[in-house]
Protein chains: 2
Amino acid sequence: MIHELTTKQQQVLDAIREFQAQNGYPPTIRELAEMFGQSSTAGIHKMLTILRDKGHLIKDDRKSRSLGIVDPHDLTADRIRSLPILGHVQAGMPQLAYEEKEGDMFIDSEWAGHSDSFLLRVRGLSMIDAGIRDGDILVVQRAESCRNGDIIIALLDDEATVKRFYKEHDRLRLQPENQTMQPIYVERDYPNFHIIGLVRGLLRKF
Amino acid sequence: MIHELTTKQQQVLDAIREFQAQNGYPPTIRELAEMFGQSSTAGIHKMLTILRDKGHLIKDDRKSRSLGIVDPHDLTADRIRSLPILGHVQAGMPQLAYEEKEGDMFIDSEWAGHSDSFLLRVRGLSMIDAGIRDGDILVVQRAESCRNGDIIIALLDDEATVKRFYKEHDRLRLQPENQTMQPIYVERDYPNFHIIGLVRGLLRKF
DNA sequence: TTTAAATATGATCATTTGTTTACCTATATT
DNA sequence: AATATAGGTAAACAAATGATCATATTTAAA
């Protein structure tokens with residue numbers, strides 16, 4: 001869909017990108033013309049129209065400094081999320097207690113692209129056999145439901161835990177991955193059980 | 001140095017930030033006035049001057065859409081690194097074979113702040129007891145030396161491995177963390193042994 | 001060579017945008 | 001009560017900016 005560009009058109013596009021990075025806002029047509037040593041604005045204006053038609057540029061008519069690059073390489077902003085690191089999950093859901101925030105961390109949105117996620121520091125050894133260790137940080141995606149076998153963050157009687165989730169005949173099984181620990185069974189419709197989120201990733205710092 | 005703001009001033013600042021994030025370029029004074037339901041531009045204009053004097057805003061006189069937020073929280077650019085994901089480490093060090101790149105991932109520079117780092121996908125179970133599993137991604141910091149107990153990426157006879165490193169009397173011990181595997185011993189000064197880097201972190205995607 | 005497209009000029013026009021002045025209204029402080 | 005400050009209105013002005021027309025010049029394709 002994105003057409004080929006002449007070298008000149010590419011230069012203009014690069015100049016816009018450069019200016020934006022340098023100043024925090026896009027250039028005017030006259031500023032662009034000056035950069036290329038041109039005495040008229042008409043040439044640049046025409047080129048911007050071409051660039052827009054070719055799909056490389058977003059340009060709002062009659063708006064000053066409204067140029068926006070359509071750059072498949074510069075997905076930086078879209079690929080980064082800043083997530084809060086929570087020391088522990090508290091009661092009072094579904095609102096998360098952000099006061100308990102340990103800090104923030106930037107992560108690739110491949111993990112946090114959907115909905116609102118957060119990071120949770122693991123306490124305990126209940127998932128040690130799944131390679132989840134004490135002190136690890138989990139990438140948790142908020143969710144109310146999940147599927148069999150998912151590793152979830154659940155709140156049971158105001159106590160937050162990491163477990164693998166299984167739905168059985170008339171009850172739910174929260175399976176620790178630790179040979180020394182027993183599964184927890186929860187009646188369906190037990191009021192004090194809530195799924196907080198799905199474990200999507202794990203971060204560990206050595 | 002940065003003065004306190006009234007709630008209204010804070011709202012204006014937030015609106016500018018929001019607009020910038022939304023559109024890629026800053027708003028005009030009239031657009032701001034409209035956002036706040038004001039019929040005149042003078043009020044906003046006055047407020048922008050105040051915000052600039054207080055050090056929260058960069059504002060070029062007589063330039064359209066030139067507002068720039070001075071935001072101590074926006075250290076984004078400094079806290080993010082884009083690291084290549086390598087499928088495996090090859091011979092021919094110390095240059096890494098970037099042709100084998102699987103892709104790139106953004107990570108917090110808390111892990112990759114120093115020197116050049118890269119990401120390496122783990123193959124095998126040699127470190128399973130350390131919670132490092134097949135398919136995990138390691139954050140590797142390039143290094144030629146390391147200390148006892150460090151988890152390292154080493155190249156032995158053109159074979160790359162993840163092991164825990166110990167220096168013994170007259171040899172080096174590469175200790176797998178897997179009860180079924182035996183340590184590897186390497187003579188000091190063995191020519192075909194090279195330390196590639198230090199494992200600083202671990203990323204896993206569920 | 002001929003033709004078409006891309007690039008550029010110079011001038012002009014219309015609109016957008018920032019700036020300013022003179023007021024008005026609260027609210028809090030002296 | 002008097003005063004200062006933040007916030008707001010209305011109107012007008014000046015500068016910045018985008019759009020456009022007619023016309024060259026160069027470059028690439030037919």
# chains A, B, ... in the order shown; residues from 1 in each chain; ligands from 1

call {"tool": "residues_around", "arguments": {"residues": "segment 13-22 of chain C", "least_positions_apart": "5", "cutoff": "9 Å", "atoms": "only C-alpha atoms (C1' of nucleotides)", "output": "CSV table (one decimal) with all heavy atoms, in the first residue's frame"}}
result
chain,number,residue,atom,x,y,z
A,62,ARG,N,-5.0,22.9,6.2
A,62,ARG,CA,-5.2,24.2,6.8
A,62,ARG,C,-4.8,24.2,8.3
A,62,ARG,O,-5.2,25.1,9.0
A,62,ARG,CB,-6.6,24.7,6.6
A,62,ARG,CG,-6.9,25.2,5.3
A,62,ARG,CD,-8.4,25.0,4.9
A,62,ARG,NE,-8.5,24.8,3.5
A,62,ARG,CZ,-8.3,25.7,2.6
A,62,ARG,NH1,-8.0,26.9,2.9
A,62,ARG,NH2,-8.5,25.4,1.3
A,63,LYS,N,-4.1,23.2,8.7
A,63,LYS,CA,-3.7,23.2,10.1
A,63,LYS,C,-2.2,23.4,10.1
A,63,LYS,O,-1.5,22.6,9.4
A,63,LYS,CB,-4.0,21.9,10.8
A,63,LYS,CG,-5.3,21.9,11.6
A,63,LYS,CD,-5.5,20.6,12.4
A,63,LYS,CE,-6.6,20.7,13.4
A,63,LYS,NZ,-6.7,19.5,14.2
A,64,SER,N,-1.7,24.3,10.9
A,64,SER,CA,-0.3,24.5,11.0
A,64,SER,C,0.4,23.4,11.7
A,64,SER,O,-0.1,22.8,12.7
A,64,SER,CB,0.0,25.8,11.6
A,64,SER,OG,-0.2,25.7,13.0
B,28,THR,N,-3.1,24.4,19.5
B,28,THR,CA,-3.0,25.8,19.4
B,28,THR,C,-3.7,26.4,20.7
B,28,THR,O,-4.4,25.7,21.4
B,28,THR,CB,-3.8,26.4,18.2
B,28,THR,OG1,-5.2,26.0,18.3
B,28,THR,CG2,-3.2,25.7,16.9
B,29,ILE,N,-3.5,27.7,20.9
B,29,ILE,CA,-4.2,28.3,22.0
B,29,ILE,C,-5.7,28.2,21.9
B,29,ILE,O,-6.4,27.9,22.9
B,29,ILE,CB,-3.8,29.8,22.1
B,29,ILE,CG1,-2.3,29.9,22.5
B,29,ILE,CG2,-4.6,30.5,23.2
B,29,ILE,CD1,-1.8,31.3,22.6
B,30,ARG,N,-6.2,28.4,20.7
B,30,ARG,CA,-7.7,28.3,20.5
B,30,ARG,C,-8.2,26.9,20.8
B,30,ARG,O,-9.3,26.7,21.3
B,30,ARG,CB,-8.0,28.8,19.1
B,30,ARG,CG,-8.1,30.3,19.0
B,30,ARG,CD,-8.4,30.8,17.6
B,30,ARG,NE,-8.5,32.2,17.5
B,30,ARG,CZ,-7.4,33.0,17.5
B,30,ARG,NH1,-6.2,32.5,17.6
B,30,ARG,NH2,-7.5,34.3,17.4
B,42,ALA,N,-7.5,34.7,25.4
B,42,ALA,CA,-6.6,35.5,26.3
B,42,ALA,C,-6.3,34.8,27.6
B,42,ALA,O,-5.2,34.8,28.1
B,42,ALA,CB,-7.2,36.8,26.6
B,45,HIS,N,-3.8,32.1,27.0
B,45,HIS,CA,-2.6,32.7,26.7
B,45,HIS,C,-1.8,33.2,27.9
B,45,HIS,O,-0.6,33.0,28.1
B,45,HIS,CB,-2.8,33.9,25.7
B,45,HIS,CG,-1.6,34.5,25.3
B,45,HIS,ND1,-1.0,35.6,25.9
B,45,HIS,CD2,-0.7,34.3,24.2
B,45,HIS,CE1,0.1,36.0,25.3
B,45,HIS,NE2,0.3,35.2,24.3
B,61,ASP,N,7.8,32.2,21.3
B,61,ASP,CA,6.9,33.3,20.9
B,61,ASP,C,6.6,33.3,19.5
B,61,ASP,O,7.5,33.2,18.6
B,61,ASP,CB,7.5,34.6,21.4
B,61,ASP,CG,7.4,34.8,22.9
B,61,ASP,OD1,6.7,34.0,23.5
B,61,ASP,OD2,7.9,35.8,23.4
B,62,ARG,N,5.4,33.5,19.2
B,62,ARG,CA,4.9,33.8,17.8
B,62,ARG,C,5.1,32.5,16.9
B,62,ARG,O,5.1,32.7,15.7
B,62,ARG,CB,5.7,35.0,17.1
B,62,ARG,CG,5.1,36.3,17.6
B,62,ARG,CD,6.2,37.4,17.5
B,62,ARG,NE,6.0,38.3,18.5
B,62,ARG,CZ,5.0,39.2,18.6
B,62,ARG,NH1,4.2,39.2,17.6
B,62,ARG,NH2,4.9,40.1,19.5
B,63,LYS,N,5.3,31.4,17.5
B,63,LYS,CA,5.4,30.2,16.7
B,63,LYS,C,4.1,29.3,17.0
B,63,LYS,O,3.8,29.1,18.2
B,63,LYS,CB,6.6,29.4,17.0
B,63,LYS,CG,7.8,29.6,16.2
B,63,LYS,CD,8.9,28.6,16.5
B,63,LYS,CE,10.0,28.7,15.5
B,63,LYS,NZ,11.0,27.7,15.8
B,64,SER,N,3.5,28.9,15.9
B,64,SER,CA,2.3,28.1,16.2
B,64,SER,C,2.6,26.7,16.6
B,64,SER,O,3.6,26.1,16.2
B,64,SER,CB,1.5,28.0,14.9
B,64,SER,OG,2.1,27.2,14.0
B,65,ARG,N,1.8,26.2,17.5
B,65,ARG,CA,1.9,24.8,18.0
B,65,ARG,C,3.4,24.5,18.4
B,65,ARG,O,3.9,23.5,18.0
B,65,ARG,CB,1.5,23.8,16.9
B,65,ARG,CG,0.1,24.0,16.4
B,65,ARG,CD,-0.2,22.9,15.4
B,65,ARG,NE,-1.5,23.1,14.7
B,65,ARG,CZ,-2.7,22.8,15.3
B,65,ARG,NH1,-2.7,22.3,16.5
B,65,ARG,NH2,-3.8,23.1,14.6
D,12,DA,P,-14.3,45.1,17.0
D,12,DA,OP1,-15.0,46.4,16.9
D,12,DA,OP2,-14.7,43.9,16.3
D,12,DA,O5',-12.7,45.3,16.7
D,12,DA,C5',-11.9,46.1,17.6
D,12,DA,C4',-10.5,45.7,17.4
D,12,DA,O4',-10.3,44.4,18.0
D,12,DA,C3',-10.1,45.6,16.0
D,12,DA,O3',-9.2,46.6,15.7
D,12,DA,C2',-9.4,44.2,15.8
D,12,DA,C1',-9.2,43.8,17.3
D,12,DA,N9,-9.2,42.4,17.5
D,12,DA,C8,-10.2,41.4,17.3
D,12,DA,N7,-9.9,40.2,17.6
D,12,DA,C5,-8.6,40.3,18.2
D,12,DA,C6,-7.7,39.4,18.7
D,12,DA,N6,-8.0,38.1,18.9
D,12,DA,N1,-6.5,39.9,19.2
D,12,DA,C2,-6.2,41.2,19.1
D,12,DA,N3,-7.0,42.2,18.6
D,12,DA,C4,-8.2,41.7,18.1
D,13,DC,P,-8.5,46.8,14.2
D,13,DC,OP1,-8.4,48.2,14.0
D,13,DC,OP2,-9.3,45.9,13.3
D,13,DC,O5',-7.1,46.2,14.4
D,13,DC,C5',-6.3,46.5,15.6
D,13,DC,C4',-5.0,45.7,15.6
D,13,DC,O4',-5.3,44.4,16.0
D,13,DC,C3',-4.4,45.6,14.2
D,13,DC,O3',-3.0,46.1,14.4
D,13,DC,C2',-4.4,44.1,13.9
D,13,DC,C1',-4.6,43.5,15.3
D,13,DC,N1,-5.3,42.2,15.3
D,13,DC,C2,-4.8,41.1,15.9
D,13,DC,O2,-3.6,41.1,16.4
D,13,DC,N3,-5.5,39.9,15.9
D,13,DC,C4,-6.7,39.8,15.3
D,13,DC,N4,-7.3,38.7,15.3
D,13,DC,C5,-7.3,41.0,14.7
D,13,DC,C6,-6.6,42.1,14.7
D,14,DA,P,-2.1,46.2,13.0
D,14,DA,OP1,-1.3,47.5,13.2
D,14,DA,OP2,-3.0,46.0,11.8
D,14,DA,O5',-1.2,45.0,13.2
D,14,DA,C5',-0.6,44.8,14.5
D,14,DA,C4',0.3,43.5,14.4
D,14,DA,O4',-0.6,42.3,14.5
D,14,DA,C3',1.1,43.4,13.1
D,14,DA,O3',2.3,42.8,13.4
D,14,DA,C2',0.2,42.4,12.3
D,14,DA,C1',-0.4,41.5,13.3
D,14,DA,N9,-1.7,40.9,13.0
D,14,DA,C8,-2.7,41.5,12.3
D,14,DA,N7,-3.8,40.7,12.2
D,14,DA,C5,-3.4,39.6,12.8
D,14,DA,C6,-4.0,38.4,13.0
D,14,DA,N6,-5.3,38.1,12.6
D,14,DA,N1,-3.4,37.4,13.7
D,14,DA,C2,-2.2,37.6,14.1
D,14,DA,N3,-1.4,38.7,14.0
D,14,DA,C4,-2.1,39.7,13.3
D,15,DA,P,3.5,42.7,12.4
D,15,DA,OP1,4.6,43.5,12.9
D,15,DA,OP2,2.9,43.0,11.0
D,15,DA,O5',3.9,41.2,12.4
D,15,DA,C5',3.9,40.5,13.7
D,15,DA,C4',3.7,39.1,13.5
D,15,DA,O4',2.3,38.8,13.1
D,15,DA,C3',4.6,38.4,12.4
D,15,DA,O3',5.3,37.4,13.0
D,15,DA,C2',3.6,37.9,11.4
D,15,DA,C1',2.3,37.8,12.2
D,15,DA,N9,1.0,38.0,11.5
D,15,DA,C8,0.7,39.1,10.7
D,15,DA,N7,-0.5,39.0,10.2
D,15,DA,C5,-1.0,37.7,10.6
D,15,DA,C6,-2.2,37.0,10.4
D,15,DA,N6,-3.2,37.5,9.6
D,15,DA,N1,-2.3,35.8,10.9
D,15,DA,C2,-1.3,35.4,11.7
D,15,DA,N3,-0.1,35.9,12.0
D,15,DA,C4,0.0,37.1,11.4
D,16,DA,P,6.3,36.5,12.0
D,16,DA,OP1,7.5,36.2,12.9
D,16,DA,OP2,6.4,37.2,10.7
D,16,DA,O5',5.4,35.2,11.9
D,16,DA,C5',4.8,34.7,13.1
D,16,DA,C4',4.0,33.5,12.7
D,16,DA,O4',2.8,33.9,12.0
D,16,DA,C3',4.7,32.4,11.8
D,16,DA,O3',4.3,31.2,12.3
D,16,DA,C2',4.1,32.7,10.4
D,16,DA,C1',2.7,33.2,10.8
D,16,DA,N9,2.0,34.1,9.8
D,16,DA,C8,2.5,35.2,9.3
D,16,DA,N7,1.7,35.8,8.5
D,16,DA,C5,0.5,35.0,8.5
D,16,DA,C6,-0.7,35.2,7.9
D,16,DA,N6,-1.0,36.2,7.1
D,16,DA,N1,-1.6,34.2,8.1
D,16,DA,C2,-1.3,33.2,9.0
D,16,DA,N3,-0.2,33.0,9.6
D,16,DA,C4,0.7,34.0,9.3
D,17,DT,P,5.1,29.9,11.8
D,17,DT,OP1,5.1,28.9,12.9
D,17,DT,OP2,6.3,30.3,11.1
D,17,DT,O5',4.0,29.4,10.7
D,17,DT,C5',2.7,29.1,11.1
D,17,DT,C4',1.8,28.8,9.9
D,17,DT,O4',1.5,30.0,9.2
D,17,DT,C3',2.5,27.9,8.8
D,17,DT,O3',1.8,26.7,8.8
D,17,DT,C2',2.2,28.7,7.5
D,17,DT,C1',1.2,29.7,7.9
D,17,DT,N1,1.1,31.0,7.1
D,17,DT,C2,0.0,31.3,6.5
D,17,DT,O2,-1.1,30.7,6.6
D,17,DT,N3,0.0,32.5,5.8
D,17,DT,C4,1.1,33.3,5.6
D,17,DT,O4,1.1,34.4,4.9
D,17,DT,C5,2.3,32.9,6.3
D,17,DT,C7,3.6,33.7,6.1
D,17,DT,C6,2.3,31.7,7.0
D,18,DG,P,2.2,25.6,7.7
D,18,DG,OP1,2.1,24.3,8.4
D,18,DG,OP2,3.4,26.0,7.0
D,18,DG,O5',0.9,25.7,6.7
D,18,DG,C5',-0.4,25.5,7.3
D,18,DG,C4',-1.4,25.6,6.2
D,18,DG,O4',-1.4,27.0,5.7
D,18,DG,C3',-1.2,24.7,5.0
D,18,DG,O3',-2.5,24.3,4.6
D,18,DG,C2',-0.6,25.6,3.9
D,18,DG,C1',-1.2,27.0,4.3
D,18,DG,N9,-0.4,28.1,3.9
D,18,DG,C8,0.9,28.4,4.3
D,18,DG,N7,1.3,29.5,3.8
D,18,DG,C5,0.2,30.1,3.2
D,18,DG,C6,0.1,31.3,2.5
D,18,DG,O6,1.0,32.2,2.3
D,18,DG,N1,-1.2,31.5,1.9
D,18,DG,C2,-2.2,30.6,2.1
D,18,DG,N2,-3.3,30.9,1.5
D,18,DG,N3,-2.1,29.4,2.7
D,18,DG,C4,-0.9,29.2,3.2
D,19,DA,P,-2.7,23.4,3.2
D,19,DA,OP1,-3.8,22.5,3.4
D,19,DA,OP2,-1.4,22.8,2.9
D,19,DA,O5',-3.0,24.5,2.1
D,19,DA,C5',-4.3,25.2,2.3
D,19,DA,C4',-4.6,25.9,1.0
D,19,DA,O4',-3.7,27.1,0.9
D,19,DA,C3',-4.5,25.1,-0.3
D,19,DA,O3',-5.6,25.3,-1.0
D,19,DA,C2',-3.2,25.7,-0.9
D,19,DA,C1',-3.2,27.1,-0.4
D,19,DA,N9,-1.8,27.6,-0.3
D,19,DA,C8,-0.8,27.1,0.3
D,19,DA,N7,0.3,27.8,0.3
D,19,DA,C5,-0.1,29.0,-0.4
D,19,DA,C6,0.6,30.2,-0.7
D,19,DA,N6,1.9,30.4,-0.4
D,19,DA,N1,-0.1,31.1,-1.3
D,19,DA,C2,-1.4,30.9,-1.6
D,19,DA,N3,-2.1,29.8,-1.4
D,19,DA,C4,-1.4,28.9,-0.7
D,20,DT,P,-5.8,24.5,-2.4
D,20,DT,OP1,-7.3,24.2,-2.5
D,20,DT,OP2,-4.8,23.3,-2.4
D,20,DT,O5',-5.4,25.5,-3.5
D,20,DT,C5',-5.8,26.9,-3.3
D,20,DT,C4',-5.2,27.7,-4.4
D,20,DT,O4',-3.9,28.2,-4.0
D,20,DT,C3',-4.9,27.0,-5.8
D,20,DT,O3',-5.6,27.7,-6.8
D,20,DT,C2',-3.4,27.0,-5.9
D,20,DT,C1',-3.0,28.3,-5.1
D,20,DT,N1,-1.6,28.3,-4.6
D,20,DT,C2,-0.9,29.5,-4.8
D,20,DT,O2,-1.3,30.5,-5.3
D,20,DT,N3,0.4,29.4,-4.3
D,20,DT,C4,1.0,28.3,-3.6
D,20,DT,O4,2.1,28.4,-3.2
D,20,DT,C5,0.2,27.1,-3.5
D,20,DT,C7,0.7,25.9,-2.9
D,20,DT,C6,-1.1,27.2,-4.0

call {"tool": "interface_residues", "arguments": {"of": "chain B", "to": "chain A", "cutoff": "6 Å", "atoms": "only C-alpha atoms", "output": "PyMOL selection string"}}
result
chain B and resi 25+106-108+131+200-206

call {"tool": "write_last_selection", "arguments": {"atoms": "N, CA and C atoms", "output": "mmCIF file, in the first residue's frame"}}
result
data_model
loop_
_atom_site.group_PDB
_atom_site.id
_atom_site.type_symbol
_atom_site.label_atom_id
_atom_site.label_comp_id
_atom_site.auth_asym_id
_atom_site.auth_seq_id
_atom_site.Cartn_x
_atom_site.Cartn_y
_atom_site.Cartn_z
ATOM 1 N N TYR B 25 1.403 16.394 17.633
ATOM 2 C CA TYR B 25 1.832 17.781 17.636
ATOM 3 C C TYR B 25 1.029 18.538 18.677
ATOM 4 N N PHE B 106 11.863 -4.174 23.219
ATOM 5 C CA PHE B 106 12.179 -3.050 24.070
ATOM 6 C C PHE B 106 12.207 -3.511 25.524
ATOM 7 N N ILE B 107 13.225 -3.132 26.234
ATOM 8 C CA ILE B 107 13.266 -3.455 27.654
ATOM 9 C C ILE B 107 13.739 -2.246 28.449
ATOM 10 N N ASP B 108 13.416 -2.269 29.705
ATOM 11 C CA ASP B 108 13.809 -1.200 30.613
ATOM 12 C C ASP B 108 15.325 -1.191 30.744
ATOM 13 N N GLY B 131 15.526 -22.155 37.512
ATOM 14 C CA GLY B 131 14.331 -21.479 37.024
ATOM 15 C C GLY B 131 14.492 -20.921 35.630
ATOM 16 N N ARG B 200 21.956 -11.095 33.008
ATOM 17 C CA ARG B 200 21.486 -10.062 33.924
ATOM 18 C C ARG B 200 20.000 -10.182 34.207
ATOM 19 N N GLY B 201 19.291 -10.819 33.297
ATOM 20 C CA GLY B 201 17.852 -10.909 33.501
ATOM 21 C C GLY B 201 17.243 -12.023 32.698
ATOM 22 N N LEU B 202 15.971 -12.232 32.959
ATOM 23 C CA LEU B 202 15.256 -13.298 32.270
ATOM 24 C C LEU B 202 13.851 -12.812 31.908
ATOM 25 N N LEU B 203 13.432 -13.121 30.706
ATOM 26 C CA LEU B 203 12.092 -12.770 30.253
ATOM 27 C C LEU B 203 11.402 -14.038 29.777
ATOM 28 N N ARG B 204 10.178 -14.190 30.177
ATOM 29 C CA ARG B 204 9.430 -15.362 29.717
ATOM 30 C C ARG B 204 8.035 -14.918 29.313
ATOM 31 N N LYS B 205 7.551 -15.508 28.275
ATOM 32 C CA LYS B 205 6.220 -15.180 27.796
ATOM 33 C C LYS B 205 5.356 -16.417 27.916
ATOM 34 N N PHE B 206 4.212 -16.270 28.543
ATOM 35 C CA PHE B 206 3.319 -17.424 28.693
ATOM 36 C C PHE B 206 2.336 -17.485 27.529
#

call {"tool": "interface_residues", "arguments": {"of": "chain D", "to": "chain B", "cutoff": "7 Å", "atoms": "only C-alpha atoms (C1' of nucleotides)", "output": "PyMOL selection string"}}
result
chain D and resi 7-9

call {"tool": "select_by_dssp", "arguments": {"residues": "segment 13-206 of chain B", "states": "strand (DSSP E or B)", "output": "count of residues only"}}
result
67

call {"tool": "atom_distance", "arguments": {"atom1": "atom CA of Cys146 of chain A", "atom2": "atom CA of Ala112 of chain A"}}
result
16.7 Å

call {"tool": "select_by_dssp", "arguments": {"residues": "segment 1-205 of chain B", "states": "helix (DSSP H, G or I)", "output": "PyMOL selection string"}}
result
chain B and resi 7-23+29-35+42-53+76-79+98-100+109-112+128-130

call {"tool": "atom_distance", "arguments": {"atom1": "atom C1' of DA28 of chain C", "atom2": "atom CA of Thr7 of chain B"}}
result
15.7 Å

call {"tool": "interface_residues", "arguments": {"of": "chain C", "to": "chain A", "cutoff": "7 Å", "atoms": "only C-alpha atoms (C1' of nucleotides)", "output": "PyMOL selection string"}}
result
chain C and resi 7-9

call {"tool": "write_last_selection", "arguments": {"atoms": "C-alpha atoms (C1' of nucleotides)", "output": "compact mmCIF listing (two decimals), in the first residue's frame"}}
result
# COMPACT_ATOMS: atom_id res chain seq x y z
C1' DT C 7 10.82 19.77 -8.83
C1' DA C 8 11.17 24.65 -8.31
C1' DT C 9 10.05 29.95 -8.62

call {"tool": "atom_distance", "arguments": {"atom1": "atom CA of Glu102 of chain A", "atom2": "atom CA of Gly124 of chain A"}}
result
17.8 Å

call {"tool": "residues_around", "arguments": {"residues": "Pro176 of chain B", "least_positions_apart": "6", "cutoff": "8 Å", "atoms": "only C-alpha atoms (C1' of nucleotides)", "output": "PyMOL selection string"}}
result
chain B and resi 126-127+162-164+182-183
